[in-house]
file query-v7.txt (compact mmCIF, C-alpha atoms)
# COMPACT_ATOMS: atom_id res chain seq x y z
CA LEU A 19 100.98 182.92 66.72
CA THR A 20 101.42 180.50 63.88
CA ALA A 21 98.17 180.71 61.95
CA ASP A 22 98.58 181.61 58.31
CA HIS A 23 96.36 184.73 58.45
CA SER A 24 98.25 186.14 61.42
CA ILE A 25 101.53 186.47 59.52
CA THR A 26 101.81 189.81 57.76
CA LEU A 27 104.60 191.89 56.28
CA HIS A 28 104.95 193.50 59.71
CA SER A 29 105.47 190.19 61.53
CA ARG A 30 108.90 189.48 63.02
CA PRO A 31 109.72 185.77 62.68
CA ALA A 32 112.33 184.35 65.05
CA ARG A 33 114.18 181.07 64.91
CA VAL A 34 113.37 178.78 67.82
CA PRO A 35 116.61 178.66 69.84
CA GLU A 36 116.41 174.92 70.57
CA VAL A 37 116.49 174.01 66.89
CA ARG A 38 119.85 172.59 65.85
CA GLU A 39 121.26 173.30 62.41
CA HIS A 40 123.35 170.95 60.30
CA LEU A 41 124.89 172.19 57.08
CA LEU A 42 124.30 169.96 54.06
CA GLY A 43 126.19 171.78 51.33
CA ASP A 44 123.75 174.47 50.14
CA GLU A 45 120.92 172.98 52.17
CA LEU A 46 120.32 173.04 55.89
CA LEU A 47 118.92 170.36 58.15
CA LEU A 48 116.85 171.56 61.09
CA HIS A 49 116.38 169.23 64.00
CA ALA A 50 114.83 170.02 67.33
CA PRO A 51 115.67 167.65 70.16
CA GLY A 52 112.39 166.24 71.40
CA LEU A 53 110.56 166.89 68.15
CA GLU A 54 109.78 163.84 66.06
CA ALA A 55 110.49 165.46 62.74
CA ALA A 56 113.50 167.00 61.07
CA HIS A 57 113.34 169.33 58.11
CA ALA A 58 115.69 169.97 55.24
CA LEU A 59 115.68 173.49 53.81
CA ASN A 60 116.65 174.16 50.22
CA PRO A 61 118.95 177.14 49.58
CA SER A 62 116.04 179.59 49.19
CA ALA A 63 114.33 178.49 52.38
CA ARG A 64 117.67 178.49 54.15
CA ALA A 65 118.30 182.13 53.18
CA ILE A 66 114.91 183.09 54.64
CA TRP A 67 115.49 181.03 57.78
CA GLU A 68 118.81 182.74 58.42
CA LEU A 69 117.14 186.15 58.30
CA CYS A 70 114.47 185.19 60.86
CA ASP A 71 116.20 186.83 63.80
CA GLY A 72 113.16 188.22 65.63
CA ARG A 73 114.17 191.79 64.81
CA ARG A 74 113.56 192.02 61.07
CA THR A 75 110.01 192.22 59.79
CA LEU A 76 108.92 190.09 56.86
CA SER A 77 109.06 193.22 54.76
CA GLU A 78 112.67 193.85 55.77
CA ILE A 79 113.56 190.22 55.03
CA CYS A 80 112.18 190.71 51.52
CA ASP A 81 114.31 193.86 51.15
CA VAL A 82 117.48 191.98 52.09
CA LEU A 83 116.72 189.07 49.79
CA SER A 84 115.77 191.27 46.85
CA ALA A 85 119.32 192.57 46.64
CA ASP A 86 120.61 188.99 46.37
CA VAL A 87 118.16 187.52 43.89
CA GLY A 88 117.52 190.43 41.56
CA ARG A 89 113.75 190.64 42.14
CA THR A 90 111.87 193.40 43.88
CA ALA A 91 110.78 193.00 47.48
CA ALA A 92 107.17 193.21 46.31
CA GLU A 93 107.74 190.32 43.90
CA LEU A 94 109.29 188.22 46.67
CA ALA A 95 106.73 188.97 49.35
CA SER A 96 104.29 186.20 48.54
CA ASP A 97 106.95 183.45 48.39
CA VAL A 98 108.75 184.69 51.50
CA ARG A 99 105.52 184.86 53.45
CA ALA A 100 104.59 181.35 52.34
CA ALA A 101 107.99 180.08 53.46
CA VAL A 102 107.67 181.73 56.87
CA VAL A 103 104.16 180.35 57.27
CA GLU A 104 105.58 176.90 56.59
CA LEU A 105 108.49 177.36 59.00
CA ALA A 106 106.03 178.46 61.67
CA ARG A 107 103.79 175.48 60.94
CA LEU A 108 106.81 173.19 61.37
CA GLY A 109 107.47 174.79 64.74
CA VAL A 110 110.95 176.03 63.97
CA VAL A 111 110.14 179.76 64.01
CA THR A 112 107.90 181.82 66.23
CA ILE A 113 106.12 184.99 65.11
CA ALA A 114 106.07 188.27 67.00
CA VAL B 22 122.66 124.88 63.95
CA THR B 23 119.95 124.63 66.54
CA ASP B 24 121.18 123.72 70.00
CA ARG B 25 118.92 121.01 71.32
CA THR B 26 120.77 120.47 74.58
CA ARG B 27 118.77 122.90 76.72
CA ALA B 28 115.86 120.64 77.67
CA PRO B 29 114.21 117.59 76.18
CA ASP B 30 111.27 119.56 74.82
CA GLU B 31 113.11 122.79 74.14
CA SER B 32 115.40 123.97 71.40
CA ALA B 33 117.59 127.06 71.44
CA VAL B 34 119.55 129.19 69.06
CA VAL B 35 122.10 131.85 70.01
CA ILE B 36 122.41 134.92 67.81
CA GLY B 37 125.37 137.24 68.18
CA PHE B 38 126.69 140.49 66.86
CA GLY B 39 130.19 140.96 68.16
CA GLU B 40 130.13 140.47 71.91
CA PRO B 41 126.37 140.70 72.56
CA ARG B 42 124.41 137.47 72.36
CA VAL B 43 120.68 136.80 72.39
CA THR B 44 119.27 133.36 73.06
CA VAL B 45 115.97 132.25 71.56
CA THR B 46 114.37 129.23 73.17
CA SER B 47 111.21 127.47 72.13
CA ASP B 48 109.26 124.31 72.71
CA ASP B 49 108.68 124.19 68.95
CA SER B 50 111.88 123.59 67.01
CA ARG B 51 110.27 125.01 63.87
CA VAL B 52 110.53 128.45 65.49
CA THR B 53 114.21 128.17 66.33
CA ASP B 54 114.91 126.58 62.95
CA ALA B 55 113.26 129.57 61.26
CA LEU B 56 115.39 131.94 63.35
CA ALA B 57 118.51 129.93 62.57
CA ARG B 58 117.78 130.20 58.84
CA ARG B 59 117.09 133.92 58.98
CA PHE B 60 120.15 134.71 61.12
CA CYS B 61 122.28 132.05 59.47
CA GLU B 62 125.54 134.03 59.45
CA LEU B 63 124.93 135.53 62.89
CA ILE B 64 124.64 132.27 64.77
CA ALA B 65 127.04 132.72 67.65
CA THR B 66 129.80 130.38 68.61
CA GLY B 67 132.20 130.77 71.50
CA THR B 68 131.75 133.10 74.42
CA GLY B 69 130.04 136.45 74.46
CA ARG B 70 127.90 138.74 76.59
CA LEU B 71 124.32 137.56 76.98
CA VAL B 72 122.03 140.58 76.59
CA GLY B 73 118.66 138.89 76.36
CA ASP B 74 116.60 135.76 76.17
CA VAL B 75 113.62 135.50 73.85
CA ARG B 76 111.14 132.78 74.74
CA VAL B 77 108.55 131.32 72.40
CA ARG B 78 106.08 128.89 73.94
CA ARG B 79 103.09 127.07 72.57
CA ALA B 80 99.96 128.59 74.07
CA GLY B 81 96.56 127.32 73.13
CA ALA B 82 96.27 127.21 69.37
CA GLY B 83 99.20 129.61 68.92
CA TYR B 84 102.33 130.93 70.57
CA ALA B 85 103.30 133.25 73.40
CA VAL B 86 106.44 135.32 72.75
CA SER B 87 108.33 137.28 75.40
CA ALA B 88 111.76 138.71 76.14
CA GLY B 89 112.97 139.78 79.56
CA GLY B 90 111.12 142.87 80.64
CA THR B 91 108.83 143.08 77.61
CA GLY B 92 105.26 141.93 77.84
CA THR B 93 104.11 138.67 76.34
CA THR B 94 102.42 138.80 72.96
CA HIS B 95 100.37 136.05 71.36
CA TRP B 96 100.60 134.90 67.77
CA ARG B 97 98.57 132.47 65.77
CA THR B 98 101.11 130.91 63.39
CA THR B 99 104.69 129.65 63.60
CA ALA B 100 105.78 132.22 61.01
CA GLN B 101 104.23 135.08 63.00
CA ALA B 102 105.85 133.90 66.23
CA ALA B 103 109.22 133.57 64.51
CA ARG B 104 108.90 137.09 63.05
CA ARG B 105 108.10 138.52 66.47
CA ALA B 106 111.07 136.67 67.98
CA GLN B 107 113.29 138.01 65.19
CA TYR B 108 112.12 141.55 65.95
CA LEU B 109 112.87 141.12 69.65
CA VAL B 110 116.33 139.76 68.87
CA LEU B 111 117.03 142.82 66.75
CA GLU B 112 115.77 145.16 69.46
CA LEU B 113 118.04 143.54 72.03
CA LEU B 114 121.10 143.63 69.79
CA ILE B 115 120.43 147.25 68.79
CA ARG B 116 120.07 148.28 72.42
CA ALA B 117 123.28 146.45 73.30
CA ARG B 118 125.26 148.17 70.52
CA SER B 119 124.36 151.83 70.86
CA ASP B 120 127.86 152.69 69.66
CA VAL B 121 126.74 152.08 66.08
CA VAL B 122 124.02 153.69 63.97
CA TRP B 123 121.41 151.12 62.95
CA LEU B 124 119.75 151.85 59.63
CA HIS B 125 116.87 150.25 57.80
CA ALA B 126 118.86 149.59 54.65
CA ALA B 127 120.52 147.00 52.48
CA ALA B 128 124.21 146.97 51.66
CA ALA B 129 126.58 145.15 49.37
CA ALA B 130 130.21 145.73 48.48
CA ARG B 131 132.31 145.45 45.38
CA SER B 132 136.07 145.88 45.22
CA GLY B 133 136.12 146.99 48.85
CA ARG B 134 133.47 149.70 48.37
CA ALA B 135 130.05 149.38 49.93
CA VAL B 136 126.79 150.69 48.53
CA LEU B 137 124.28 151.64 51.21
CA MET B 138 120.65 151.37 50.06
CA PRO B 139 118.17 152.84 52.55
CA GLY B 140 114.46 153.01 52.00
CA ARG B 141 111.08 151.99 53.22
CA ARG B 142 109.78 148.51 52.60
CA GLY B 143 108.75 147.68 49.09
CA ARG B 144 111.36 149.85 47.40
CA GLY B 145 113.26 146.79 46.15
CA LYS B 146 116.22 146.72 48.54
CA SER B 147 116.27 142.98 49.11
CA THR B 148 115.57 142.18 45.48
CA LEU B 149 118.42 144.38 44.35
CA VAL B 150 120.92 143.19 46.93
CA ALA B 151 120.13 139.56 46.11
CA ARG B 152 120.84 140.19 42.44
CA MET B 153 124.02 142.08 43.32
CA TRP B 154 125.17 139.03 45.24
CA GLU B 155 124.39 136.83 42.23
CA ASN B 156 126.58 139.17 40.18
CA GLY B 157 129.57 138.70 42.45
CA TRP B 158 129.10 141.45 45.04
CA GLU B 159 129.77 140.74 48.71
CA PHE B 160 126.63 140.68 50.81
CA LEU B 161 126.49 142.83 53.96
CA SER B 162 122.79 143.04 54.77
CA ASP B 163 119.36 143.12 53.16
CA ASP B 164 117.42 144.89 55.89
CA ILE B 165 119.47 146.41 58.69
CA VAL B 166 122.91 147.96 58.37
CA PRO B 167 124.93 148.91 61.45
CA LEU B 168 127.24 151.82 60.64
CA ASP B 169 130.31 152.75 62.65
CA PRO B 170 130.10 156.55 62.95
CA GLY B 171 133.80 156.82 63.62
CA THR B 172 134.86 155.27 60.34
CA ASP B 173 131.86 155.20 57.95
CA LEU B 174 132.26 151.42 57.89
CA ALA B 175 129.19 149.28 57.27
CA LEU B 176 129.37 146.26 59.55
CA PRO B 177 128.17 142.95 58.11
CA PHE B 178 124.76 142.02 59.49
CA PRO B 179 123.86 139.23 57.13
CA GLN B 180 120.37 138.01 57.76
CA ALA B 181 119.18 135.78 54.93
CA PRO B 182 117.41 138.13 52.52
CA ALA B 183 113.69 137.67 52.19
CA VAL B 184 112.66 138.71 48.69
CA ARG B 185 109.05 139.63 47.97
CA GLU B 186 107.45 137.61 45.23
CA ASP B 187 106.72 139.41 41.98
CA ILE B 188 102.96 139.42 41.45
CA GLY B 189 103.21 141.15 38.10
CA ARG B 190 102.06 144.62 39.05
CA ASP B 191 102.96 147.58 41.25
CA VAL B 192 101.58 147.46 44.77
CA PRO B 193 100.70 150.48 46.92
CA GLU B 194 103.10 150.96 49.82
CA GLU B 195 100.44 150.15 52.41
CA ARG B 196 99.86 146.75 50.75
CA VAL B 197 103.50 145.76 50.31
CA GLY B 198 103.50 143.93 53.64
CA ASP B 199 100.80 141.60 52.34
CA LEU B 200 103.10 140.11 49.69
CA SER B 201 104.69 136.85 50.60
CA LYS B 202 108.45 136.60 50.81
CA SER B 203 110.86 133.83 50.08
CA GLU B 204 114.25 133.54 51.68
CA VAL B 205 117.42 133.48 49.63
CA TRP B 206 120.29 131.33 50.81
CA PHE B 207 123.58 133.14 50.34
CA GLY B 208 126.08 130.43 51.02
CA ASP B 209 129.55 131.69 51.80
CA ARG B 210 129.94 134.95 49.84
CA VAL B 211 129.07 137.11 52.79
CA ALA B 212 131.29 140.00 53.79
CA LYS B 213 133.39 138.94 56.74
CA ARG B 214 134.79 142.38 57.44
CA PRO B 215 133.31 145.88 57.62
CA GLN B 216 133.35 147.77 54.34
CA PRO B 217 133.51 151.55 53.84
CA VAL B 218 130.32 153.20 52.63
CA THR B 219 131.33 154.97 49.44
CA VAL B 220 127.92 155.69 47.92
CA ILE B 221 124.30 155.88 49.06
CA VAL B 222 121.60 154.85 46.61
CA LEU B 223 117.84 154.99 47.07
CA PRO B 224 116.36 152.04 45.18
CA ALA B 225 113.01 152.74 43.54
CA PHE B 226 111.52 149.63 42.00
CA ARG B 227 108.64 150.28 39.61
CA ARG B 228 107.26 148.13 36.86
CA ARG B 229 108.05 149.17 33.29
CA VAL B 230 110.48 151.99 33.97
CA ASN B 231 113.89 152.51 32.43
CA THR B 232 116.91 151.96 34.61
CA GLU B 233 117.99 155.42 35.62
CA LEU B 234 120.22 157.08 38.18
CA THR B 235 118.95 160.51 39.20
CA PRO B 236 120.24 163.05 41.71
CA VAL B 237 119.14 163.12 45.34
CA SER B 238 119.93 166.15 47.47
CA PRO B 239 121.72 165.68 50.80
CA GLY B 240 118.60 167.03 52.50
CA GLN B 241 116.36 164.40 50.95
CA MET B 242 118.84 161.65 51.74
CA VAL B 243 119.46 162.59 55.36
CA LEU B 244 115.70 162.62 56.00
CA GLU B 245 115.46 159.12 54.48
CA LEU B 246 118.29 157.91 56.69
CA MET B 247 116.84 159.49 59.82
CA GLU B 248 113.41 158.02 59.11
CA GLY B 249 114.96 154.58 58.85
CA CYS B 250 117.32 154.89 61.83
CA TRP B 251 116.42 152.34 64.48
CA ASN B 252 118.26 154.03 67.35
CA LEU B 253 117.85 157.72 66.54
CA GLN B 254 115.73 158.34 69.64
CA GLU B 255 118.36 156.84 71.92
CA THR B 256 121.42 158.36 70.30
CA GLY B 257 119.85 161.71 69.38
CA GLU B 258 121.83 164.67 68.17
CA SER B 259 125.13 162.83 67.72
CA THR B 260 123.50 160.53 65.16
CA VAL B 261 121.82 163.44 63.36
CA ARG B 262 125.21 165.15 63.16
CA TYR B 263 126.85 161.98 61.89
CA LEU B 264 124.24 161.30 59.20
CA SER B 265 124.33 164.95 58.11
CA GLY B 266 128.06 164.63 57.61
CA LEU B 267 127.82 161.30 55.83
CA VAL B 268 125.47 162.59 53.12
CA THR B 269 127.92 165.36 52.29
CA ARG B 270 130.91 163.02 52.09
CA VAL B 271 129.67 160.40 49.64
CA PRO B 272 127.88 160.51 46.27
CA LEU B 273 124.09 160.14 46.39
CA ALA B 274 121.62 158.89 43.79
CA ARG B 275 118.19 157.41 43.26
CA LEU B 276 118.12 154.22 41.19
CA GLY B 277 114.84 153.75 39.38
CA TYR B 278 114.56 150.28 37.93
CA SER B 279 112.37 147.41 36.90
CA ASP B 280 115.08 145.17 35.44
CA ARG B 281 117.35 143.99 38.24
CA ASP B 282 120.25 142.99 35.97
CA GLN B 283 120.25 146.36 34.27
CA ALA B 284 120.10 148.08 37.65
CA VAL B 285 123.12 146.20 39.00
CA ALA B 286 125.06 146.79 35.78
CA ARG B 287 124.23 150.52 35.82
CA LEU B 288 125.33 150.81 39.42
CA ALA B 289 128.62 149.02 38.74
CA GLU B 290 129.25 151.16 35.67
CA TRP B 291 128.61 154.33 37.66
CA MET B 292 130.95 153.28 40.45
CA ASP B 293 133.65 152.30 37.96
CA ALA B 294 133.36 155.75 36.36
CA GLY B 295 134.11 157.39 39.69
CA MET B 296 130.47 158.21 40.47
CA PRO B 297 130.03 161.49 38.57
CA PRO B 298 126.84 163.41 39.50
CA PRO B 299 123.94 161.56 37.86
call {"tool": "encode", "arguments": {"input": "query-v7.txt", "output": "structure tokens"}}
result
Amino acid sequence: LTADHSITLHSRPARVPEVREHLLGDELLLHAPGLEAAHALNPSARAIWELCDGRRTLSEICDVLSADVGRTAAELASDVRAAVVELARLGVVTIA
Amino acid sequence: VTDRTRAPDESAVVIGFGEPRVTVTSDDSRVTDALARRFCELIATGTGRLVGDVRVRRAGAGYAVSAGGTGTTHWRTTAQAARRAQYLVLELLIRARSDVVWLHAAAAARSGRAVLMPGRRGRGKSTLVARMWENGWEFLSDDIVPLDPGTDLALPFPQAPAVREDIGRDVPEERVGDLSKSEVWFGDRVAKRPQPVTVIVLPAFRRRVNTELTPVSPGQMVLELMEGCWNLQETGESTVRYLSGLVTRVPLARLGYSDRDQAVARLAEWMDAGMPPP
């Protein structure tokens, strides 16, 4: 499931195992062998990506991040969801 | 430069990059002469390993161009046939040297330090590198830079730069290819040895902008390099790993410019200052 409307706060995003990671200072390059495109994540997107372990829900990811960035989970929810939608659209996370 | 010994009606030119050699033969010496001009510093002498033979033949009102196992393509003009032959030569050399990373980029060196300038066509790579050469820099390449991933050395690949003519206004990227180009003859100040890449700069030519160096993130830069990597498909993950490392080892910047002299001076000043973050 990758459609925007299907991703809710109860969704559990998981990194696609085949995607290779390359550290670029604070950023992260994602590259999947066989995929045409590569993607560079800024530090915020990288933090979200690293929490997409298939066990945490989107809501729980927001809880973890809120402690780091000093905003409430409710305030983060929209941005985090948008980032996960984008990661799913790029094919580097799956949604359960 | 052109070897006319092959056959009475046929001329040939041999282009080499290290050991690999590619022969271009044609029954129209204007084609081989054009290739000899473009690859002036890569004309091979002595022995090497022949990796391909590009053939350009007159066919009807135009030309038929082929190379080994590739199909034959037909072209109307001498310039088109020569460009196709040039492309096939590059393909053959790139395939023969999969030990290096081939980037769509220009490069020039100053005081033993090379500036790598990747970017899509129309960004002003050739224009900038030509002016750098006029200002005393050593010329490495205007279009394709082979990088040794073991050493970060840029290997000289000096095709004669073809500089797009200034038509007095900005041109959308999809129309850049329509602009005519004129070749620049570089004479003898071409880098003879590999030079270490010490900075990567994205040129961004625009009319009526101030000369300005601005930051580029490693993520942005590595995507630019990957997009312009000729042998990424063949070399795969090892090249991605190499390029990801490279962009974290050297300073990165975007160079917006409309005045070429100011751009070269700004770049030199920045390098002399130790390349602080722009």
call {"tool": "closest_residue", "arguments": {"input": "query-v7.txt", "among": "A:Ala65, A:Ala106, A:Val82, A:Leu41", "to": "chain B", "atoms": "only C-alpha atoms"}}
result
A:Leu41
call {"tool": "residues_around", "arguments": {"input": "query-v7.txt", "residues": "range 31-35 of chain B", "least_positions_apart": "2", "cutoff": "12 Å", "atoms": "all atoms listed in the file", "output": "ChimeraX atom specification"}}
result
/B:22-29,37-38,40-79,106-107,110,114
call {"tool": "interface_residues", "arguments": {"input": "query-v7.txt", "of": "chain B", "to": "chain A", "cutoff": "7 Å", "atoms": "only C-alpha atoms", "output": "PyMOL selection string"}}
result
chain B and resi 239-240+262+265+269
call {"tool": "atom_distance", "arguments": {"input": "query-v7.txt", "atom1": "CA of Leu176 in chain B", "atom2": "CA of Ser259 in chain B"}}
result
19.0 Å
call {"tool": "residues_near_point", "arguments": {"input": "query-v7.txt", "point": "(113.7, 194.7, 52.3)", "cutoff": "12 Å", "atoms": "all atoms listed in the file", "output": "JSON, numbers by chain"}}
result
{"A": [27, 28, 66, 69, 74, 75, 76, 77, 78, 79, 80, 81, 82, 83, 84, 85, 86, 87, 89, 90, 91, 92, 93, 94, 95, 98]}
call {"tool": "atom_distance", "arguments": {"input": "query-v7.txt", "atom1": "CA of Gln241 in chain B", "atom2": "CA of Leu105 in chain A"}}
result
17.2 Å
call {"tool": "atom_distance", "arguments": {"input": "query-v7.txt", "atom1": "CA of Leu244 in chain B", "atom2": "CA of Pro224 in chain B"}}
result
15.1 Å
call {"tool": "residues_around", "arguments": {"input": "query-v7.txt", "residues": "range 124-135 of chain B", "least_positions_apart": "5", "cutoff": "9 Å", "atoms": "only C-alpha atoms", "output": "tab-separated table (two decimals) with C-alpha atoms, keeping the file's coordinate frame"}}
result
chain	number	residue	atom	x	y	z
B	140	GLY	CA	114.46	153.01	52.00
B	141	ARG	CA	111.08	151.99	53.22
B	142	ARG	CA	109.78	148.51	52.60
B	146	LYS	CA	116.22	146.72	48.54
B	147	SER	CA	116.27	142.98	49.11
B	149	LEU	CA	118.42	144.38	44.35
B	150	VAL	CA	120.92	143.19	46.93
B	153	MET	CA	124.02	142.08	43.32
B	154	TRP	CA	125.17	139.03	45.24
B	157	GLY	CA	129.57	138.70	42.45
B	158	TRP	CA	129.10	141.45	45.04
B	159	GLU	CA	129.77	140.74	48.71
B	160	PHE	CA	126.63	140.68	50.81
B	161	LEU	CA	126.49	142.83	53.96
B	162	SER	CA	122.79	143.04	54.77
B	163	ASP	CA	119.36	143.12	53.16
B	164	ASP	CA	117.42	144.89	55.89
B	165	ILE	CA	119.47	146.41	58.69
B	166	VAL	CA	122.91	147.96	58.37
B	167	PRO	CA	124.93	148.91	61.45
B	168	LEU	CA	127.24	151.82	60.64
B	174	LEU	CA	132.26	151.42	57.89
B	175	ALA	CA	129.19	149.28	57.27
B	177	PRO	CA	128.17	142.95	58.11
B	212	ALA	CA	131.29	140.00	53.79
B	216	GLN	CA	133.35	147.77	54.34
B	217	PRO	CA	133.51	151.55	53.84
B	218	VAL	CA	130.32	153.20	52.63
B	219	THR	CA	131.33	154.97	49.44
B	220	VAL	CA	127.92	155.69	47.92
B	221	ILE	CA	124.30	155.88	49.06
B	246	LEU	CA	118.29	157.91	56.69
B	247	MET	CA	116.84	159.49	59.82
B	248	GLU	CA	113.41	158.02	59.11
B	249	GLY	CA	114.96	154.58	58.85
B	250	CYS	CA	117.32	154.89	61.83
B	251	TRP	CA	116.42	152.34	64.48
B	252	ASN	CA	118.26	154.03	67.35
B	289	ALA	CA	128.62	149.02	38.74
call {"tool": "axis_aligned_box", "arguments": {"input": "query-v7.txt", "around": "range 99-109 of chain A", "padding_each_side": "5 Å", "output": "AutoDock Vina command-line options"}}
result
--center_x 106.1 --center_y 179.0 --center_z 58.5 --size_x 14.7 --size_y 21.7 --size_z 22.4
